[in-house]
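K.L.:
To be precise about what I am sending: the file is called run-v8.cif and holds mmCIF, C-alpha atoms.
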```cif
data_my_file
#
loop_
_atom_site.group_PDB
_atom_site.id
_atom_site.type_symbol
_atom_site.label_atom_id
_atom_site.label_comp_id
_atom_site.auth_asym_id
_atom_site.auth_seq_id
_atom_site.Cartn_x
_atom_site.Cartn_y
_atom_site.Cartn_z
ATOM 1 C CA MET A 1 60.735 60.178 72.559
ATOM 2 C CA ALA A 2 62.681 62.656 74.652
ATOM 3 C CA ARG A 3 61.883 66.314 74.240
ATOM 4 C CA THR A 4 64.440 68.105 72.098
ATOM 5 C CA ARG A 5 65.582 71.696 71.892
ATOM 6 C CA ASP A 6 65.041 71.603 68.148
ATOM 7 C CA PRO A 7 61.601 73.254 67.800
ATOM 8 C CA VAL A 8 60.821 71.468 64.527
ATOM 9 C CA SER A 9 61.576 68.021 65.938
ATOM 10 C CA TRP A 10 59.696 68.843 69.123
ATOM 11 C CA GLU A 11 56.603 69.908 67.203
ATOM 12 C CA LEU A 12 56.717 66.809 65.002
ATOM 13 C CA SER A 13 56.924 64.573 68.074
ATOM 14 C CA ARG A 14 54.130 66.479 69.775
ATOM 15 C CA GLN A 15 51.967 66.187 66.660
ATOM 16 C CA ARG A 16 52.472 62.415 66.597
ATOM 17 C CA VAL A 17 50.992 62.255 70.085
ATOM 18 C CA LEU A 18 48.031 64.440 69.090
ATOM 19 C CA ASP A 19 47.349 62.360 65.988
ATOM 20 C CA ALA A 20 47.480 59.127 67.983
ATOM 21 C CA ALA A 21 45.160 60.547 70.628
ATOM 22 C CA LEU A 22 42.654 61.775 68.046
ATOM 23 C CA GLY A 23 42.625 58.364 66.400
ATOM 24 C CA LEU A 24 41.985 56.603 69.690
ATOM 25 C CA PHE A 25 39.328 59.097 70.737
ATOM 26 C CA GLY A 26 37.537 58.293 67.487
ATOM 27 C CA GLU A 27 37.814 54.541 68.044
ATOM 28 C CA LYS A 28 37.123 54.296 71.781
ATOM 29 C CA GLY A 29 35.907 57.686 72.965
ATOM 30 C CA TYR A 30 37.705 60.229 75.108
ATOM 31 C CA ASP A 31 36.726 58.769 78.482
ATOM 32 C CA ALA A 32 37.684 55.199 77.565
ATOM 33 C CA THR A 33 41.096 56.099 76.128
ATOM 34 C CA THR A 34 44.069 55.958 78.497
ATOM 35 C CA MET A 35 47.373 57.757 78.305
ATOM 36 C CA GLN A 36 49.036 54.337 78.267
ATOM 37 C CA GLU A 37 47.145 53.423 75.096
ATOM 38 C CA ILE A 38 48.189 56.680 73.449
ATOM 39 C CA ALA A 39 51.814 56.026 74.396
ATOM 40 C CA ALA A 40 51.607 52.499 73.006
ATOM 41 C CA ARG A 41 50.234 53.732 69.693
ATOM 42 C CA VAL A 42 53.045 56.251 69.343
ATOM 43 C CA GLY A 43 55.592 53.676 70.489
ATOM 44 C CA VAL A 44 56.913 55.517 73.539
ATOM 45 C CA THR A 45 56.595 55.310 77.291
ATOM 46 C CA LYS A 46 53.711 56.868 79.178
ATOM 47 C CA ALA A 47 56.261 59.133 80.885
ATOM 48 C CA ALA A 48 57.175 60.561 77.488
ATOM 49 C CA ILE A 49 53.526 61.436 76.836
ATOM 50 C CA TYR A 50 53.288 63.184 80.203
ATOM 51 C CA TYR A 51 56.377 65.180 79.265
ATOM 52 C CA TYR A 52 54.336 66.822 76.538
ATOM 53 C CA PHE A 53 50.916 66.776 78.209
ATOM 54 C CA PRO A 54 50.587 66.578 82.008
ATOM 55 C CA THR A 55 46.971 65.335 81.808
ATOM 56 C CA LYS A 56 44.602 63.853 79.250
ATOM 57 C CA SER A 57 42.553 67.030 79.575
ATOM 58 C CA ALA A 58 45.597 69.085 78.561
ATOM 59 C CA LEU A 59 46.048 66.819 75.555
ATOM 60 C CA LEU A 60 42.434 67.402 74.501
ATOM 61 C CA ASP A 61 42.946 71.145 74.948
ATOM 62 C CA ALA A 62 45.890 70.921 72.534
ATOM 63 C CA ILE A 63 43.653 69.206 69.966
ATOM 64 C CA LEU A 64 40.843 71.754 70.348
ATOM 65 C CA THR A 65 42.946 74.925 70.452
ATOM 66 C CA PRO A 66 44.261 75.141 66.848
ATOM 67 C CA ALA A 67 40.797 75.060 65.280
ATOM 68 C CA HIS A 68 39.557 77.687 67.735
ATOM 69 C CA GLU A 69 42.542 79.974 67.140
ATOM 70 C CA ALA A 70 42.242 79.585 63.383
ATOM 71 C CA ALA A 71 38.527 80.426 63.474
ATOM 72 C CA ASN A 72 39.146 83.517 65.596
ATOM 73 C CA ALA A 73 41.910 84.692 63.265
ATOM 74 C CA LEU A 74 39.575 84.308 60.296
ATOM 75 C CA LEU A 75 36.856 86.245 62.117
ATOM 76 C CA ASP A 76 39.327 89.014 62.981
ATOM 77 C CA ARG A 77 40.047 89.317 59.272
ATOM 78 C CA ALA A 78 36.335 89.290 58.449
ATOM 79 C CA GLU A 79 35.545 92.042 60.950
ATOM 80 C CA SER A 80 38.251 94.233 59.392
ATOM 81 C CA GLN A 81 36.455 94.344 56.026
ATOM 82 C CA PRO A 82 35.219 97.813 54.958
ATOM 83 C CA THR A 83 31.467 97.203 54.723
ATOM 84 C CA LYS A 84 28.952 95.188 56.721
ATOM 85 C CA SER A 85 28.125 93.085 53.669
ATOM 86 C CA ASP A 86 31.812 92.314 53.160
ATOM 87 C CA GLN A 87 32.189 91.447 56.838
ATOM 88 C CA ILE A 88 29.266 89.011 56.735
ATOM 89 C CA ALA A 89 30.463 87.369 53.519
ATOM 90 C CA ALA A 90 33.969 86.969 54.931
ATOM 91 C CA ALA A 91 32.618 85.615 58.232
ATOM 92 C CA LEU A 92 30.499 83.014 56.447
ATOM 93 C CA SER A 93 33.542 81.929 54.450
ATOM 94 C CA ALA A 94 35.585 81.817 57.661
ATOM 95 C CA MET A 95 32.994 79.634 59.359
ATOM 96 C CA ILE A 96 32.978 77.224 56.434
ATOM 97 C CA ASP A 97 36.729 77.200 55.793
ATOM 98 C CA SER A 98 37.451 76.445 59.439
ATOM 99 C CA GLY A 99 34.934 73.600 59.460
ATOM 100 C CA VAL A 100 36.354 72.075 56.281
ATOM 101 C CA ALA A 101 39.990 72.476 57.362
ATOM 102 C CA HIS A 102 39.309 70.661 60.639
ATOM 103 C CA ARG A 103 36.706 68.217 59.337
ATOM 104 C CA ARG A 104 38.577 65.126 60.573
ATOM 105 C CA ALA A 105 38.789 66.415 64.124
ATOM 106 C CA LEU A 106 35.153 67.548 64.012
ATOM 107 C CA ALA A 107 34.064 64.129 62.791
ATOM 108 C CA VAL A 108 35.769 62.518 65.776
ATOM 109 C CA LEU A 109 35.169 65.016 68.553
ATOM 110 C CA ASN A 110 31.568 66.045 67.903
ATOM 111 C CA ARG A 111 30.442 62.433 68.146
ATOM 112 C CA ASP A 112 31.720 62.201 71.714
ATOM 113 C CA PRO A 113 29.568 63.643 74.532
ATOM 114 C CA ALA A 114 32.571 63.563 76.873
ATOM 115 C CA VAL A 115 34.325 65.984 74.532
ATOM 116 C CA THR A 116 31.355 68.275 73.945
ATOM 117 C CA ARG A 117 30.955 68.644 77.730
ATOM 118 C CA HIS A 118 34.637 69.472 78.188
ATOM 119 C CA PRO A 119 35.092 73.045 79.554
ATOM 120 C CA THR A 120 37.436 74.106 76.757
ATOM 121 C CA TYR A 121 35.049 72.845 74.079
ATOM 122 C CA VAL A 122 32.095 74.606 75.698
ATOM 123 C CA ARG A 123 34.001 77.868 76.182
ATOM 124 C CA ASN A 124 35.320 77.889 72.603
ATOM 125 C CA THR A 125 31.897 77.121 71.168
ATOM 126 C CA VAL A 126 30.122 79.853 73.127
ATOM 127 C CA GLU A 127 32.781 82.414 72.191
ATOM 128 C CA LEU A 128 32.608 81.684 68.472
ATOM 129 C CA GLN A 129 28.808 81.494 68.453
ATOM 130 C CA THR A 130 28.554 84.861 70.171
ATOM 131 C CA ARG A 131 30.930 86.547 67.715
ATOM 132 C CA LEU A 132 29.296 85.083 64.635
ATOM 133 C CA GLN A 133 25.701 85.694 65.657
ATOM 134 C CA ARG A 134 26.429 89.325 66.550
ATOM 135 C CA LEU A 135 28.199 89.850 63.233
ATOM 136 C CA PHE A 136 25.397 88.277 61.196
ATOM 137 C CA PHE A 137 22.369 89.701 63.026
ATOM 138 C CA GLY A 138 23.493 92.383 65.482
ATOM 139 C CA ALA A 139 23.095 92.543 69.249
ATOM 140 C CA ASP A 140 19.369 91.777 69.337
ATOM 141 C CA PRO A 141 18.517 89.011 66.840
ATOM 142 C CA THR A 142 14.945 87.877 66.348
ATOM 143 C CA ALA A 143 13.770 84.402 67.301
ATOM 144 C CA GLU A 144 13.857 83.418 63.621
ATOM 145 C CA GLU A 145 17.405 84.743 63.205
ATOM 146 C CA ARG A 146 18.601 82.927 66.309
ATOM 147 C CA THR A 147 16.995 79.705 65.098
ATOM 148 C CA ALA A 148 18.588 80.046 61.657
ATOM 149 C CA PHE A 149 21.948 80.760 63.225
ATOM 150 C CA HIS A 150 21.979 77.732 65.499
ATOM 151 C CA LEU A 151 20.782 75.477 62.696
ATOM 152 C CA SER A 152 23.673 76.755 60.618
ATOM 153 C CA TYR A 153 26.239 76.528 63.389
ATOM 154 C CA GLY A 154 25.309 72.894 63.755
ATOM 155 C CA MET A 155 26.887 72.214 60.373
ATOM 156 C CA SER A 156 29.638 70.282 62.131
ATOM 157 C CA GLY A 157 27.092 67.535 62.666
ATOM 158 C CA VAL A 158 26.280 67.575 58.949
ATOM 159 C CA VAL A 159 29.949 67.243 58.018
ATOM 160 C CA LEU A 160 30.033 63.871 59.774
ATOM 161 C CA HIS A 161 27.710 62.429 57.114
ATOM 162 C CA LEU A 162 29.509 63.893 54.082
ATOM 163 C CA GLU A 163 32.872 62.182 54.289
ATOM 164 C CA ASP A 164 32.599 61.121 50.630
ATOM 165 C CA LEU A 165 32.743 64.756 49.455
ATOM 166 C CA SER A 166 36.036 66.431 48.654
ATOM 167 C CA ASP A 167 36.954 69.599 50.536
ATOM 168 C CA ASP A 168 35.968 71.725 47.534
ATOM 169 C CA GLN A 169 32.625 69.959 47.127
ATOM 170 C CA LEU A 170 31.851 70.282 50.820
ATOM 171 C CA ARG A 171 32.858 73.936 50.916
ATOM 172 C CA GLU A 172 30.647 74.806 47.954
ATOM 173 C CA ALA A 173 27.652 72.889 49.294
ATOM 174 C CA LEU A 174 27.952 74.558 52.681
ATOM 175 C CA HIS A 175 28.120 78.021 51.092
ATOM 176 C CA GLN A 176 24.935 77.422 49.153
ATOM 177 C CA VAL A 177 22.961 75.870 52.011
ATOM 178 C CA LEU A 178 24.099 78.218 54.789
ATOM 179 C CA ASN A 179 23.522 81.318 52.680
ATOM 180 C CA ARG A 180 19.912 80.233 52.153
ATOM 181 C CA THR A 181 19.389 79.104 55.751
ATOM 182 C CA LEU A 182 20.731 82.316 57.255
ATOM 183 C CA GLY A 183 18.910 84.500 54.724
ATOM 184 C CA LEU A 184 21.954 86.706 54.307
ATOM 185 C CA LYS A 185 21.195 87.618 50.670
ATOM 186 C CA LEU A 186 24.855 87.709 49.759
ATOM 187 C CA PRO A 187 25.944 87.974 46.125
ATOM 188 C CA ALA A 188 25.817 84.631 44.318
ATOM 189 C CA ARG A 189 29.110 82.801 44.109
ATOM 190 C CA ARG A 190 30.359 81.646 40.744
ATOM 191 C CA THR A 191 30.404 77.897 41.077
ATOM 192 C CA ARG A 192 31.597 74.949 39.073
ATOM 193 C CA ARG A 193 29.671 71.709 39.268
ATOM 194 C CA VAL A 194 31.891 68.919 40.477
ATOM 195 C CA LYS A 195 30.783 65.325 40.185
ATOM 196 C CA PRO A 196 31.359 63.121 43.242
ATOM 197 C CA ALA A 197 34.575 61.170 43.000
ATOM 198 C CA VAL A 198 34.137 57.655 41.647
ATOM 199 C CA THR A 199 35.911 55.025 43.659
ATOM 200 C CA ASP A 200 36.881 51.552 42.540
ATOM 201 C CA SER A 201 34.595 48.867 43.892
#
```
Using structure tokens, write down the structure that the file contains.
P.N.:
Amino acid sequence: MARTRDPVSWELSRQRVLDAALGLFGEKGYDATTMQEIAARVGVTKAAIYYYFPTKSALLDAILTPAHEAANALLDRAESQPTKSDQIAAALSAMIDSGVAHRRALAVLNRDPAVTRHPTYVRNTVELQTRLQRLFFGADPTAEERTAFHLSYGMSGVVLHLEDLSDDQLREALHQVLNRTLGLKLPARRTRRVKPAVTDS
């Protein structure tokens, strides 16, 4: 899998490596997965993997970065809203939409202590928590507000147990629960009840 000058082909090849790595991290854990195993799953040499990612840590960074960048972009948009109420509503939606969009990666990575101790993961988490908490509750939140915030931010752990829900079902449930937990008193959303999907036994 030699690197190509065609940016589309290069990105597709790179994404194959990231997908293979994420799958193995979920099966074996980050620490126990080797670059050789990732190469074998993609069907290339280990040298080809190193061409894209010089270290396993760099590969994990490449998995973590898109979700972080997407969340920050959504928060930028939220903070540009005209009123504080609009900003908070948009930020809550951003928090939920990012979690739902990256639910597969969250389900894998947040189960792994080796990942949650990784410097990039820690830095990204602290940055997003700081932005969100300040937007929701200002620079000096009360103990109750801080507690509510961290309970809500821990929704990624909840997502792990709701794999049977569709994206729309999960998004709606999170809106309802987080709105109540945070006590934001936002306008009620118009919702449509959706029955859980029935699967063939």
K.L.:
At what distance in Å, to one decimal, does atom CA of A:Gly26 lie from atom CA of A:Leu132?
P.N.:
28.2 Å
K.L.:
Please expand the PyMOL selection byres ((chain A and resi 99-106) around 8) into the concrete residues it hits in this file, giving the result as a ChimeraX atom specification.
P.N.:
/A:22,67,95-98,107-110,156,159-160,167,170-171
K.L.:
Do a neighbour search on A:Thr181 at 8 Å with only C-alpha atoms, toss out local chain neighbours closer than 6 positions, and write the hits as a list of chain:residue names.
P.N.:
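Result of the neighbour search: A:Ala148, A:Leu151, A:Ser152.
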K.L.:
Can you tell me how far atom CA of A:Ala91 sits from atom CA of A:Glu79, in Å to one decimal?
P.N.:
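Calculated distance between atom CA of A:Ala91 and atom CA of A:Glu79 is 7.6 Å.
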K.L.:
Go through the shown structure with the PyMOL selection byres ((chain A and resi 85) around 10) and write out the matching residues as a PyMOL selection string.
P.N.:
chain A and resi 81-84+86-91+136+184-187
K.L.:
Find the residues around A:Thr65 up to 10 Å (all atoms listed in the file counted), leave out those fewer than 4 positions away in its own chain, and share them as a ChimeraX atom specification.
P.N.:
/A:60-61,69-71,120-121,124
K.L.:
Out of A:Gly43, A:Thr34, A:Ala143, A:Arg131, which residue has the shortest atom-to-atom distance to A:Ala78 when counting only C-alpha atoms?
P.N.:
A:Arg131
K.L.:
Restricting the calculation to only C-alpha atoms: of A:Tyr153, A:Asp76, A:His68, A:Tyr30, which residue gets closest to A:Lys56?
P.N.:
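Once distances to A:Lys56 are computed over only C-alpha atoms, the minimum belongs to A:Tyr30.
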K.L.:
Quick check, in Å to one decimal: how far apart do atom CA of A:Thr147 and atom CA of A:Gly183 lie?
P.N.:
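Computed distance, atom CA of A:Thr147 to atom CA of A:Gly183, equals 11.6 Å.
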K.L.:
Would you mind telling me which residue in A:Ile63, A:Val126, A:Ala47, A:Thr55 lies nearest to A:Gln15 when using all atoms listed in the file?
P.N.:
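Checking each candidate against A:Gln15, we get A:Ile63 as the closest.
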K.L.:
Might you spell out which residues the PyMOL selection byres ((chain A and resi 33) around 12) would select in the displayed file, as a VMD selection string?
P.N.:
chain A and resid 20 to 32 34 to 41 56 to 57 59 to 60 114
K.L.:
With distances taken over all atoms listed in the file, which residue among A:Thr45, A:Ser166, A:Asn179, A:Leu74 lies nearest A:Leu128?
P.N.:
A:Leu74
K.L.:
Quick one: axis-aligned box around all listed atoms of stretch 25-32 of chain A, 3 Å on every side, centre and edge lengths in Å to one decimal, written as JSON.
P.N.:
```
{"center_x": 37.6, "center_y": 57.3, "center_z": 73.0, "size_x": 9.4, "size_y": 11.9, "size_z": 17.0}
```
K.L.:
If I only have part of stretch 17-35 of chain A, can you fill in N, CA and C atoms and write it as a tab-separated table (two decimals), in the coordinates of the input?
P.N.:
```
chain	number	residue	atom	x	y	z
A	17	VAL	N	51.81	62.57	68.92
A	17	VAL	CA	50.99	62.26	70.08
A	17	VAL	C	49.55	62.72	69.86
A	18	LEU	N	49.38	63.92	69.33
A	18	LEU	CA	48.03	64.44	69.09
A	18	LEU	C	47.29	63.59	68.06
A	19	ASP	N	47.98	63.18	67.01
A	19	ASP	CA	47.35	62.36	65.99
A	19	ASP	C	46.92	61.00	66.56
A	20	ALA	N	47.80	60.41	67.37
A	20	ALA	CA	47.48	59.13	67.98
A	20	ALA	C	46.29	59.26	68.92
A	21	ALA	N	46.26	60.33	69.70
A	21	ALA	CA	45.16	60.55	70.63
A	21	ALA	C	43.85	60.74	69.88
A	22	LEU	N	43.87	61.53	68.82
A	22	LEU	CA	42.65	61.78	68.05
A	22	LEU	C	42.13	60.47	67.45
A	23	GLY	N	43.04	59.65	66.95
A	23	GLY	CA	42.62	58.36	66.40
A	23	GLY	C	41.97	57.48	67.44
A	24	LEU	N	42.55	57.43	68.62
A	24	LEU	CA	41.98	56.60	69.69
A	24	LEU	C	40.68	57.18	70.22
A	25	PHE	N	40.59	58.49	70.31
A	25	PHE	CA	39.33	59.10	70.74
A	25	PHE	C	38.21	58.72	69.77
A	26	GLY	N	38.54	58.67	68.47
A	26	GLY	CA	37.54	58.29	67.49
A	26	GLY	C	37.14	56.84	67.61
A	27	GLU	N	38.08	55.98	67.95
A	27	GLU	CA	37.81	54.54	68.04
A	27	GLU	C	37.12	54.16	69.35
A	28	LYS	N	37.57	54.75	70.46
A	28	LYS	CA	37.12	54.30	71.78
A	28	LYS	C	36.33	55.34	72.56
A	29	GLY	N	36.48	56.61	72.17
A	29	GLY	CA	35.91	57.69	72.96
A	29	GLY	C	36.95	58.27	73.90
A	30	TYR	N	36.74	59.53	74.25
A	30	TYR	CA	37.70	60.23	75.11
A	30	TYR	C	37.82	59.58	76.48
A	31	ASP	N	36.69	59.32	77.13
A	31	ASP	CA	36.73	58.77	78.48
A	31	ASP	C	37.40	57.40	78.54
A	32	ALA	N	37.18	56.57	77.53
A	32	ALA	CA	37.68	55.20	77.56
A	32	ALA	C	39.15	55.09	77.14
A	33	THR	N	39.70	56.13	76.57
A	33	THR	CA	41.10	56.10	76.13
A	33	THR	C	42.03	56.46	77.27
A	34	THR	N	43.09	55.69	77.45
A	34	THR	CA	44.07	55.96	78.50
A	34	THR	C	45.34	56.54	77.90
A	35	MET	N	46.09	57.22	78.73
A	35	MET	CA	47.37	57.76	78.31
A	35	MET	C	48.33	56.62	77.93
```
